[in-house]
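Structure file run-v3.pdb (PDB, C-alpha atoms) is printed below.
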ATOM      1  CA  MET C   1     -30.801  59.499  39.555  1.00  0.00           C
ATOM      2  CA  ASP C   2     -30.658  58.624  35.832  1.00  0.00           C
ATOM      3  CA  LYS C   3     -29.394  55.121  36.669  1.00  0.00           C
ATOM      4  CA  ILE C   4     -32.167  54.642  39.221  1.00  0.00           C
ATOM      5  CA  LEU C   5     -34.757  55.762  36.649  1.00  0.00           C
ATOM      6  CA  GLU C   6     -33.283  53.427  34.017  1.00  0.00           C
ATOM      7  CA  LYS C   7     -33.427  50.512  36.462  1.00  0.00           C
ATOM      8  CA  PHE C   8     -37.040  51.360  37.338  1.00  0.00           C
ATOM      9  CA  LEU C   9     -38.112  51.562  33.694  1.00  0.00           C
ATOM     10  CA  ARG C  10     -36.319  48.296  32.896  1.00  0.00           C
ATOM     11  CA  LYS C  11     -38.083  46.522  35.767  1.00  0.00           C
ATOM     12  CA  ARG C  12     -41.393  48.070  34.725  1.00  0.00           C
ATOM     13  CA  LYS C  13     -40.978  46.652  31.225  1.00  0.00           C
ATOM     14  CA  LEU C  14     -40.049  43.208  32.573  1.00  0.00           C
ATOM     15  CA  THR C  15     -43.031  43.212  34.948  1.00  0.00           C
ATOM     16  CA  ILE C  16     -45.441  43.787  32.061  1.00  0.00           C
ATOM     17  CA  LYS C  17     -43.877  40.960  30.031  1.00  0.00           C
ATOM     18  CA  ASN C  18     -43.531  38.435  32.871  1.00  0.00           C
ATOM     19  CA  PRO C  19     -47.027  36.851  32.718  1.00  0.00           C
ATOM     20  CA  GLU C  20     -46.755  36.063  29.022  1.00  0.00           C
ATOM     21  CA  LYS C  21     -43.257  34.594  29.452  1.00  0.00           C
ATOM     22  CA  TYR C  22     -44.454  32.455  32.384  1.00  0.00           C
ATOM     23  CA  ARG C  23     -47.758  31.429  30.852  1.00  0.00           C
ATOM     24  CA  LYS C  24     -46.386  28.267  29.203  1.00  0.00           C
ATOM     25  CA  VAL C  25     -44.953  27.101  32.525  1.00  0.00           C
ATOM     26  CA  TYR C  26     -48.330  27.762  34.157  1.00  0.00           C
ATOM     27  CA  ILE C  27     -50.300  25.865  31.471  1.00  0.00           C
ATOM     28  CA  ASN C  28     -47.945  22.868  31.620  1.00  0.00           C
ATOM     29  CA  ASN C  29     -48.286  22.796  35.390  1.00  0.00           C
ATOM     30  CA  THR C  30     -52.062  22.385  35.182  1.00  0.00           C
ATOM     31  CA  LYS C  31     -51.390  18.829  34.016  1.00  0.00           C
ATOM     32  CA  GLU C  32     -49.485  18.132  37.234  1.00  0.00           C
ATOM     33  CA  LEU C  33     -52.211  19.654  39.380  1.00  0.00           C
ATOM     34  CA  ASN C  34     -54.955  17.756  37.528  1.00  0.00           C
ATOM     35  CA  PHE C  35     -52.986  14.530  38.004  1.00  0.00           C
ATOM     36  CA  TYR C  36     -53.039  15.099  41.762  1.00  0.00           C
ATOM     37  CA  ILE C  37     -56.752  15.966  41.725  1.00  0.00           C
ATOM     38  CA  GLU C  38     -57.581  12.805  39.775  1.00  0.00           C
ATOM     39  CA  GLN C  39     -55.111  10.387  41.395  1.00  0.00           C
ATOM     40  CA  GLY C  40     -54.802  11.781  44.904  1.00  0.00           C
ATOM     41  CA  GLU C  41     -51.008  11.832  44.669  1.00  0.00           C
ATOM     42  CA  THR C  42     -48.227  13.609  42.800  1.00  0.00           C
ATOM     43  CA  LYS C  43     -46.197  11.955  40.055  1.00  0.00           C
ATOM     44  CA  ARG C  44     -43.152  12.287  42.333  1.00  0.00           C
ATOM     45  CA  GLY C  45     -44.672  10.127  45.047  1.00  0.00           C
ATOM     46  CA  ILE C  46     -43.773  10.703  48.695  1.00  0.00           C
ATOM     47  CA  PRO C  47     -40.467  10.270  50.563  1.00  0.00           C
ATOM     48  CA  SER C  48     -40.273   7.470  53.087  1.00  0.00           C
ATOM     49  CA  ASN C  49     -39.930   8.299  56.771  1.00  0.00           C
ATOM     50  CA  ASP C  50     -40.236   5.685  59.482  1.00  0.00           C
ATOM     51  CA  LYS C  51     -40.606   8.214  62.308  1.00  0.00           C
ATOM     52  CA  LEU C  52     -43.598  10.010  60.839  1.00  0.00           C
ATOM     53  CA  PRO C  53     -44.886   8.939  57.388  1.00  0.00           C
ATOM     54  CA  PHE C  54     -45.856  11.623  54.867  1.00  0.00           C
ATOM     55  CA  PHE C  55     -49.366  12.240  53.553  1.00  0.00           C
ATOM     56  CA  ASN C  56     -49.667  12.629  49.770  1.00  0.00           C
ATOM     57  CA  TRP C  57     -50.749  16.259  50.063  1.00  0.00           C
ATOM     58  CA  GLU C  58     -47.637  17.173  52.074  1.00  0.00           C
ATOM     59  CA  VAL C  59     -45.427  17.083  48.963  1.00  0.00           C
ATOM     60  CA  LEU C  60     -47.583  19.443  46.908  1.00  0.00           C
ATOM     61  CA  ASN C  61     -45.234  22.234  45.913  1.00  0.00           C
ATOM     62  CA  THR C  62     -44.846  23.292  42.275  1.00  0.00           C
ATOM     63  CA  GLU C  63     -48.473  22.280  41.675  1.00  0.00           C
ATOM     64  CA  LEU C  64     -49.474  25.217  43.912  1.00  0.00           C
ATOM     65  CA  SER C  65     -46.485  27.569  43.693  1.00  0.00           C
ATOM     66  CA  ILE C  66     -46.514  27.925  39.888  1.00  0.00           C
ATOM     67  CA  PRO C  67     -50.138  29.162  39.655  1.00  0.00           C
ATOM     68  CA  ARG C  68     -49.514  31.353  42.701  1.00  0.00           C
ATOM     69  CA  ASN C  69     -46.541  32.937  40.917  1.00  0.00           C
ATOM     70  CA  TYR C  70     -48.453  33.325  37.662  1.00  0.00           C
ATOM     71  CA  TYR C  71     -51.399  35.178  39.182  1.00  0.00           C
ATOM     72  CA  GLU C  72     -49.096  37.340  41.261  1.00  0.00           C
ATOM     73  CA  MET C  73     -47.170  38.313  38.116  1.00  0.00           C
ATOM     74  CA  ASP C  74     -50.437  38.937  36.276  1.00  0.00           C
ATOM     75  CA  ALA C  75     -51.724  41.199  39.044  1.00  0.00           C
ATOM     76  CA  GLN C  76     -48.420  43.107  39.092  1.00  0.00           C
ATOM     77  CA  ALA C  77     -48.517  43.576  35.320  1.00  0.00           C
ATOM     78  CA  SER C  78     -52.096  44.871  35.444  1.00  0.00           C
ATOM     79  CA  PHE C  79     -51.170  47.336  38.149  1.00  0.00           C
ATOM     80  CA  VAL C  80     -48.087  48.628  36.334  1.00  0.00           C
ATOM     81  CA  ASP C  81     -49.619  48.720  32.848  1.00  0.00           C
ATOM     82  CA  ASP C  82     -53.172  49.850  33.648  1.00  0.00           C
ATOM     83  CA  ASN C  83     -52.683  51.528  37.035  1.00  0.00           C
ATOM     84  CA  LEU C  84     -55.345  49.154  38.342  1.00  0.00           C
ATOM     85  CA  LEU C  85     -54.987  46.653  41.176  1.00  0.00           C
ATOM     86  CA  ASP C  86     -56.851  43.541  40.019  1.00  0.00           C
ATOM     87  CA  LEU C  87     -58.255  42.119  43.253  1.00  0.00           C
ATOM     88  CA  GLY C  88     -59.601  39.053  41.460  1.00  0.00           C
ATOM     89  CA  LYS C  89     -56.129  37.992  40.327  1.00  0.00           C
ATOM     90  CA  LEU C  90     -54.719  38.754  43.763  1.00  0.00           C
ATOM     91  CA  SER C  91     -57.440  36.636  45.355  1.00  0.00           C
ATOM     92  CA  ILE C  92     -56.564  33.627  43.180  1.00  0.00           C
ATOM     93  CA  CYS C  93     -52.877  34.136  43.975  1.00  0.00           C
ATOM     94  CA  LEU C  94     -53.672  34.220  47.694  1.00  0.00           C
ATOM     95  CA  THR C  95     -55.758  31.044  47.532  1.00  0.00           C
ATOM     96  CA  TYR C  96     -52.879  29.050  46.042  1.00  0.00           C
ATOM     97  CA  GLY C  97     -50.341  30.726  48.325  1.00  0.00           C
ATOM     98  CA  TYR C  98     -52.410  30.172  51.449  1.00  0.00           C
ATOM     99  CA  HIS C  99     -52.771  26.423  50.914  1.00  0.00           C
ATOM    100  CA  LEU C 100     -49.077  26.110  50.045  1.00  0.00           C
ATOM    101  CA  LEU C 101     -48.037  27.919  53.235  1.00  0.00           C
ATOM    102  CA  MET C 102     -50.389  25.886  55.409  1.00  0.00           C
ATOM    103  CA  ILE C 103     -48.803  22.708  54.029  1.00  0.00           C
ATOM    104  CA  GLU C 104     -45.367  24.207  54.726  1.00  0.00           C
ATOM    105  CA  ASN C 105     -46.452  25.108  58.247  1.00  0.00           C
ATOM    106  CA  TYR C 106     -47.611  21.534  58.854  1.00  0.00           C
ATOM    107  CA  ASN C 107     -44.347  20.119  57.484  1.00  0.00           C
ATOM    108  CA  LEU C 108     -42.058  22.465  59.375  1.00  0.00           C
ATOM    109  CA  LYS C 109     -43.699  21.817  62.724  1.00  0.00           C
ATOM    110  CA  ARG C 110     -43.025  18.108  62.205  1.00  0.00           C
ATOM    111  CA  PHE C 111     -39.597  18.521  60.639  1.00  0.00           C
ATOM    112  CA  THR C 112     -37.545  18.121  63.824  1.00  0.00           C
ATOM    113  CA  HIS C 113     -39.337  14.893  64.728  1.00  0.00           C
ATOM    114  CA  ARG C 114     -38.873  13.486  61.242  1.00  0.00           C
ATOM    115  CA  PHE C 115     -35.278  14.506  60.600  1.00  0.00           C
ATOM    116  CA  SER C 116     -33.801  15.246  64.067  1.00  0.00           C
ATOM    117  CA  ARG C 117     -32.723  18.768  63.095  1.00  0.00           C
ATOM    118  CA  GLU C 118     -34.181  22.255  62.839  1.00  0.00           C
ATOM    119  CA  PRO C 119     -35.711  23.335  59.485  1.00  0.00           C
ATOM    120  CA  LEU C 120     -33.346  26.246  58.927  1.00  0.00           C
ATOM    121  CA  ARG C 121     -33.986  28.647  56.022  1.00  0.00           C
ATOM    122  CA  LEU C 122     -36.463  26.404  54.221  1.00  0.00           C
ATOM    123  CA  VAL C 123     -39.228  29.015  53.820  1.00  0.00           C
ATOM    124  CA  SER C 124     -38.837  31.222  50.734  1.00  0.00           C
ATOM    125  CA  PRO C 125     -38.474  34.953  51.549  1.00  0.00           C
ATOM    126  CA  THR C 126     -41.094  35.739  48.882  1.00  0.00           C
ATOM    127  CA  SER C 127     -43.654  33.759  50.901  1.00  0.00           C
ATOM    128  CA  VAL C 128     -43.881  36.718  53.265  1.00  0.00           C
ATOM    129  CA  PHE C 129     -45.686  38.726  50.591  1.00  0.00           C
ATOM    130  CA  GLN C 130     -48.664  36.368  50.849  1.00  0.00           C
ATOM    131  CA  LEU C 131     -49.222  37.957  54.248  1.00  0.00           C
ATOM    132  CA  SER C 132     -49.276  41.386  52.579  1.00  0.00           C
ATOM    133  CA  ILE C 133     -51.736  40.196  49.930  1.00  0.00           C
ATOM    134  CA  ALA C 134     -54.078  38.829  52.592  1.00  0.00           C
ATOM    135  CA  VAL C 135     -54.024  42.207  54.345  1.00  0.00           C
ATOM    136  CA  ILE C 136     -54.632  44.093  51.074  1.00  0.00           C
ATOM    137  CA  LEU C 137     -57.665  41.860  50.424  1.00  0.00           C
ATOM    138  CA  HIS C 138     -58.926  42.349  54.012  1.00  0.00           C
ATOM    139  CA  ASN C 139     -58.846  38.575  54.474  1.00  0.00           C
ATOM    140  CA  ASN C 140     -58.075  38.604  58.179  1.00  0.00           C
ATOM    141  CA  GLU C 141     -58.643  34.857  58.570  1.00  0.00           C
ATOM    142  CA  TYR C 142     -56.002  33.969  55.972  1.00  0.00           C
ATOM    143  CA  ALA C 143     -53.645  36.667  57.247  1.00  0.00           C
ATOM    144  CA  CYS C 144     -53.761  35.335  60.795  1.00  0.00           C
ATOM    145  CA  GLN C 145     -53.314  31.743  59.633  1.00  0.00           C
ATOM    146  CA  ILE C 146     -50.334  32.666  57.429  1.00  0.00           C
ATOM    147  CA  TYR C 147     -48.843  34.638  60.309  1.00  0.00           C
ATOM    148  CA  THR C 148     -48.787  31.489  62.489  1.00  0.00           C
ATOM    149  CA  LEU C 149     -46.003  30.116  60.265  1.00  0.00           C
ATOM    150  CA  PHE C 150     -43.834  33.201  60.759  1.00  0.00           C
ATOM    151  CA  GLN C 151     -44.755  33.476  64.420  1.00  0.00           C
ATOM    152  CA  ALA C 152     -43.493  29.932  64.966  1.00  0.00           C
ATOM    153  CA  GLY C 153     -40.458  30.115  62.705  1.00  0.00           C
ATOM    154  CA  TYR C 154     -39.147  33.657  62.204  1.00  0.00           C
ATOM    155  CA  MET C 155     -36.980  33.799  65.318  1.00  0.00           C
ATOM    156  CA  LYS C 156     -35.940  30.160  64.766  1.00  0.00           C
ATOM    157  CA  HIS C 157     -34.554  31.095  61.318  1.00  0.00           C
ATOM    158  CA  TRP C 158     -37.004  28.980  59.354  1.00  0.00           C
ATOM    159  CA  VAL C 159     -37.277  31.782  56.778  1.00  0.00           C
ATOM    160  CA  ASN C 160     -34.541  32.115  54.163  1.00  0.00           C
ATOM    161  CA  ARG C 161     -34.239  35.872  54.548  1.00  0.00           C
ATOM    162  CA  SER C 162     -33.335  38.440  51.931  1.00  0.00           C
ATOM    163  CA  LYS C 163     -30.762  41.102  52.797  1.00  0.00           C
ATOM    164  CA  SER C 164     -33.202  43.972  52.311  1.00  0.00           C
ATOM    165  CA  HIS C 165     -35.001  43.536  55.676  1.00  0.00           C
ATOM    166  CA  ILE C 166     -38.346  44.074  53.887  1.00  0.00           C
ATOM    167  CA  GLY C 167     -39.568  40.555  54.675  1.00  0.00           C
ATOM    168  CA  ASP C 168     -38.541  41.007  58.301  1.00  0.00           C
ATOM    169  CA  PHE C 169     -40.442  44.287  58.379  1.00  0.00           C
ATOM    170  CA  ILE C 170     -43.674  42.756  57.052  1.00  0.00           C
ATOM    171  CA  ILE C 171     -43.577  39.947  59.628  1.00  0.00           C
ATOM    172  CA  LEU C 172     -42.668  42.261  62.506  1.00  0.00           C
ATOM    173  CA  LEU C 173     -45.242  44.917  61.552  1.00  0.00           C
ATOM    174  CA  PHE C 174     -48.039  42.341  61.463  1.00  0.00           C
ATOM    175  CA  ASP C 175     -46.817  40.997  64.804  1.00  0.00           C
ATOM    176  CA  LYS C 176     -46.787  44.512  66.232  1.00  0.00           C
ATOM    177  CA  VAL C 177     -50.301  45.370  65.070  1.00  0.00           C
ATOM    178  CA  GLU C 178     -52.175  42.047  65.111  1.00  0.00           C
ATOM    179  CA  GLY C 179     -49.944  39.305  66.492  1.00  0.00           C
ATOM    180  CA  GLY C 180     -49.306  40.223  70.094  1.00  0.00           C
ATOM    181  CA  ASN C 181     -45.954  42.031  69.677  1.00  0.00           C
ATOM    182  CA  THR C 182     -43.924  38.943  70.630  1.00  0.00           C
ATOM    183  CA  LEU C 183     -41.262  38.926  67.888  1.00  0.00           C
ATOM    184  CA  LYS C 184     -37.943  40.770  67.703  1.00  0.00           C
ATOM    185  CA  PRO C 185     -35.668  41.423  64.691  1.00  0.00           C
ATOM    186  CA  ILE C 186     -33.129  38.643  64.112  1.00  0.00           C
ATOM    187  CA  VAL C 187     -30.746  40.952  62.225  1.00  0.00           C
ATOM    188  CA  ASP C 188     -28.345  43.566  63.509  1.00  0.00           C
ATOM    189  CA  ASP C 189     -29.018  47.198  62.611  1.00  0.00           C
ATOM    190  CA  PHE C 190     -32.577  46.440  61.508  1.00  0.00           C
ATOM    191  CA  ALA C 191     -33.397  49.078  58.898  1.00  0.00           C
ATOM    192  CA  TYR C 192     -37.018  49.768  59.853  1.00  0.00           C
ATOM    193  CA  GLN C 193     -37.079  49.778  63.647  1.00  0.00           C
ATOM    194  CA  ALA C 194     -38.147  53.440  63.756  1.00  0.00           C
ATOM    195  CA  ILE C 195     -41.198  52.624  61.606  1.00  0.00           C
ATOM    196  CA  LEU C 196     -42.179  49.754  63.898  1.00  0.00           C
ATOM    197  CA  ASP C 197     -41.772  51.965  66.948  1.00  0.00           C
ATOM    198  CA  ASN C 198     -44.067  54.590  65.421  1.00  0.00           C
ATOM    199  CA  TRP C 199     -46.375  52.429  63.277  1.00  0.00           C
ATOM    200  CA  ASP C 200     -49.507  54.187  64.639  1.00  0.00           C
ATOM    201  CA  SER C 201     -48.184  57.724  64.160  1.00  0.00           C
ATOM    202  CA  THR C 202     -50.726  60.336  63.063  1.00  0.00           C
ATOM    203  CA  ASP C 203     -48.023  62.815  62.012  1.00  0.00           C
ATOM    204  CA  LEU C 204     -48.455  63.061  58.230  1.00  0.00           C
ATOM    205  CA  THR C 205     -44.899  64.291  57.681  1.00  0.00           C
ATOM    206  CA  GLU C 206     -43.488  61.370  59.655  1.00  0.00           C
ATOM    207  CA  VAL C 207     -45.722  58.804  57.940  1.00  0.00           C
ATOM    208  CA  THR C 208     -44.777  60.220  54.507  1.00  0.00           C
ATOM    209  CA  ALA C 209     -41.082  59.900  55.363  1.00  0.00           C
ATOM    210  CA  PHE C 210     -41.616  56.308  56.475  1.00  0.00           C
ATOM    211  CA  LEU C 211     -43.453  55.399  53.259  1.00  0.00           C
ATOM    212  CA  ASN C 212     -40.752  57.022  51.135  1.00  0.00           C
ATOM    213  CA  GLN C 213     -38.101  55.044  53.021  1.00  0.00           C
ATOM    214  CA  LEU C 214     -39.938  51.774  52.355  1.00  0.00           C
ATOM    215  CA  CYS C 215     -40.483  52.602  48.677  1.00  0.00           C
ATOM    216  CA  ASP C 216     -36.794  53.492  48.257  1.00  0.00           C
TER     217      ASP C 216
END

Show me the file's structure as structure tokens.
Amino acid sequence: MDKILEKFLRKRKLTIKNPEKYRKVYINNTKELNFYIEQGETKRGIPSNDKLPFFNWEVLNTELSIPRNYYEMDAQASFVDDNLLDLGKLSICLTYGYHLLMIENYNLKRFTHRFSREPLRLVSPTSVFQLSIAVILHNNEYACQIYTLFQAGYMKHWVNRSKSHIGDFIILLFDKVEGGNTLKPIVDDFAYQAILDNWDSTDLTEVTAFLNQLCD
């Protein structure tokens, strides 16, 4: 237990410091984003593809992901340090994350035509948390749009999964509650099947046990 507490306190300290450490990266990135806004293209240009040419906006990546990461870190730090969930910071994070995922969704659905192969494990596992943020903010429109990416690609292994099954759980829970219950776990011995099977339980003891399992 002492080691677990030490790990928790260490991560708590890092979470509070993360925004300040990342701030320089975020500020430098605004130059890249402003360049795109002013020029209509990134400094990197676009790759050539004879089968299906790229639009300039399709290669936006760090321009959107860096501010998304910064505001997510900032919201986490506020929550840990002040015990306050800053919905404004989360909303900014979601706006960047939403547009980034919609671009990814567009790209991935055209990937096979462009490159004659499946887009395996190209979606970051942390992208799944944008779905959680949309739900926290009660932004059902964004949540449903973000879900379309995972609905199309989860069972095709588009997502570069973590080993914790948490990302799988978020996707599958949203599918169970809002998405039509069409997806199945793609991992053996899925850790949270019992929670999915009883997601609408009204038994407080059972729900408490489920929440403790997820927190652990």

**Study point:** Residues matched by the PyMOL selection byres ((chain C and resi 173-175) around 12) as a ChimeraX atom specification
**Key:** /C:128-129,131-132,134-135,140,143-152,154,165-172,176-185,192-200

Review point. Of the candidates C:Phe79, C:Phe35, C:Trp158, C:Phe111, which shows the shortest atom-to-atom distance to Leu52 (chain C), using all atoms listed in the file?
Key: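 Nearest candidate to Leu52 (chain C) out of C:Phe79, C:Phe35, C:Trp158, C:Phe111: C:Phe111.
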
Which residues, named as in the file, does the PyMOL selection byres ((chain C and resi 59) around 10) pick out? Answer as a PDB file with C-alpha atoms, keeping the file's coordinate frame.
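The new file expr-v8.pdb reads:
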ATOM      1  CA  GLU C  41     -51.008  11.832  44.669  1.00  0.00           C
ATOM      2  CA  THR C  42     -48.227  13.609  42.800  1.00  0.00           C
ATOM      3  CA  ARG C  44     -43.152  12.287  42.333  1.00  0.00           C
ATOM      4  CA  GLY C  45     -44.672  10.127  45.047  1.00  0.00           C
ATOM      5  CA  ILE C  46     -43.773  10.703  48.695  1.00  0.00           C
ATOM      6  CA  PRO C  47     -40.467  10.270  50.563  1.00  0.00           C
ATOM      7  CA  PHE C  54     -45.856  11.623  54.867  1.00  0.00           C
ATOM      8  CA  PHE C  55     -49.366  12.240  53.553  1.00  0.00           C
ATOM      9  CA  ASN C  56     -49.667  12.629  49.770  1.00  0.00           C
ATOM     10  CA  TRP C  57     -50.749  16.259  50.063  1.00  0.00           C
ATOM     11  CA  GLU C  58     -47.637  17.173  52.074  1.00  0.00           C
ATOM     12  CA  LEU C  60     -47.583  19.443  46.908  1.00  0.00           C
ATOM     13  CA  ASN C  61     -45.234  22.234  45.913  1.00  0.00           C
ATOM     14  CA  THR C  62     -44.846  23.292  42.275  1.00  0.00           C
ATOM     15  CA  GLU C  63     -48.473  22.280  41.675  1.00  0.00           C
ATOM     16  CA  LEU C 100     -49.077  26.110  50.045  1.00  0.00           C
ATOM     17  CA  ILE C 103     -48.803  22.708  54.029  1.00  0.00           C
ATOM     18  CA  GLU C 104     -45.367  24.207  54.726  1.00  0.00           C
ATOM     19  CA  ASN C 107     -44.347  20.119  57.484  1.00  0.00           C
TER      20      ASN C 107
END

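Between CA of Leu85 (chain C) and CA of Ile133 (chain C) the interatomic distance comes to 11.4 Å.
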
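Taking CA of Ser162 (chain C) and CA of Gln213 (chain C) as the two end points, the separation is 17.3 Å.
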
Spatial neighbours of Leu87 (chain C), 10 Å, only C-alpha atoms, chain gap at least 6 places, as a PDB file with C-alpha atoms, keeping the file's coordinate frame:
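part-v9.pdb written:
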ATOM      1  CA  ALA C  75     -51.724  41.199  39.044  1.00  0.00           C
ATOM      2  CA  CYS C  93     -52.877  34.136  43.975  1.00  0.00           C
ATOM      3  CA  ILE C 133     -51.736  40.196  49.930  1.00  0.00           C
ATOM      4  CA  ILE C 136     -54.632  44.093  51.074  1.00  0.00           C
ATOM      5  CA  LEU C 137     -57.665  41.860  50.424  1.00  0.00           C
TER       6      LEU C 137
END

Review point. Which is closest to Ser78 (chain C) among C:Lys156, C:Arg12, C:Arg117, C:Lys43, if we use all atoms listed in the file?
Key: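 Selected residue with least distance to Ser78 (chain C): C:Arg12.
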
Point to revise | Output of the PyMOL selection byres ((chain C and resi 125) around 6), listed as a PyMOL selection string | key: chain C and resi 124+126-128+160-161

Point to revise | CA of Val159 (chain C) to CA of Asn105 (chain C), straight-line distance in Å | key: 11.4 Å

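Closest to Lys163 (chain C) among C:Glu141, C:Asp82, C:Glu38, C:Asp189 is C:Asp189, based on all atoms listed in the file.
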
Exercise for review: Counting all atoms listed in the file, figure out which residue out of C:Leu211, C:Leu84, C:Ile66, C:Leu204 gets nearest to Lys31 (chain C).
Suggested key: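 Closest to Lys31 (chain C) of all the choices is C:Ile66.
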
Practice item. Tell me which of C:Gln130, C:Thr30, C:Asn18, C:Ser164 sits closest to Ser91 (chain C), counting only C-alpha atoms. Key: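 Of all the options, C:Gln130 lies closest to Ser91 (chain C).
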
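Among the candidates C:Asn49, C:Gln76, C:Ser201, C:Asn28, the residue lying nearest to Thr15 (chain C) is C:Gln76 (atoms considered: all atoms listed in the file).
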
Exercise for review: Write out as a list in words each polymer residue whose atoms come within 9 Å of His157 (chain C), counting all atoms listed in the file; drop sequence neighbours fewer than 3 positions from it.
Suggested key: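 Contacts, in chain order: Glu118, Pro119, Leu120, Arg121, Leu122, Gly153, Tyr154, Asn160, Arg161 and Ile186 of chain C.
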
Review point. Could you name the residues that touch region 20-27 of chain C at 9 Å or less, counting only C-alpha atoms, but leaving out those on the same chain fewer than 4 positions away, as a PyMOL selection string?
Key: chain C and resi 16+31+66-67+69-70+73-74
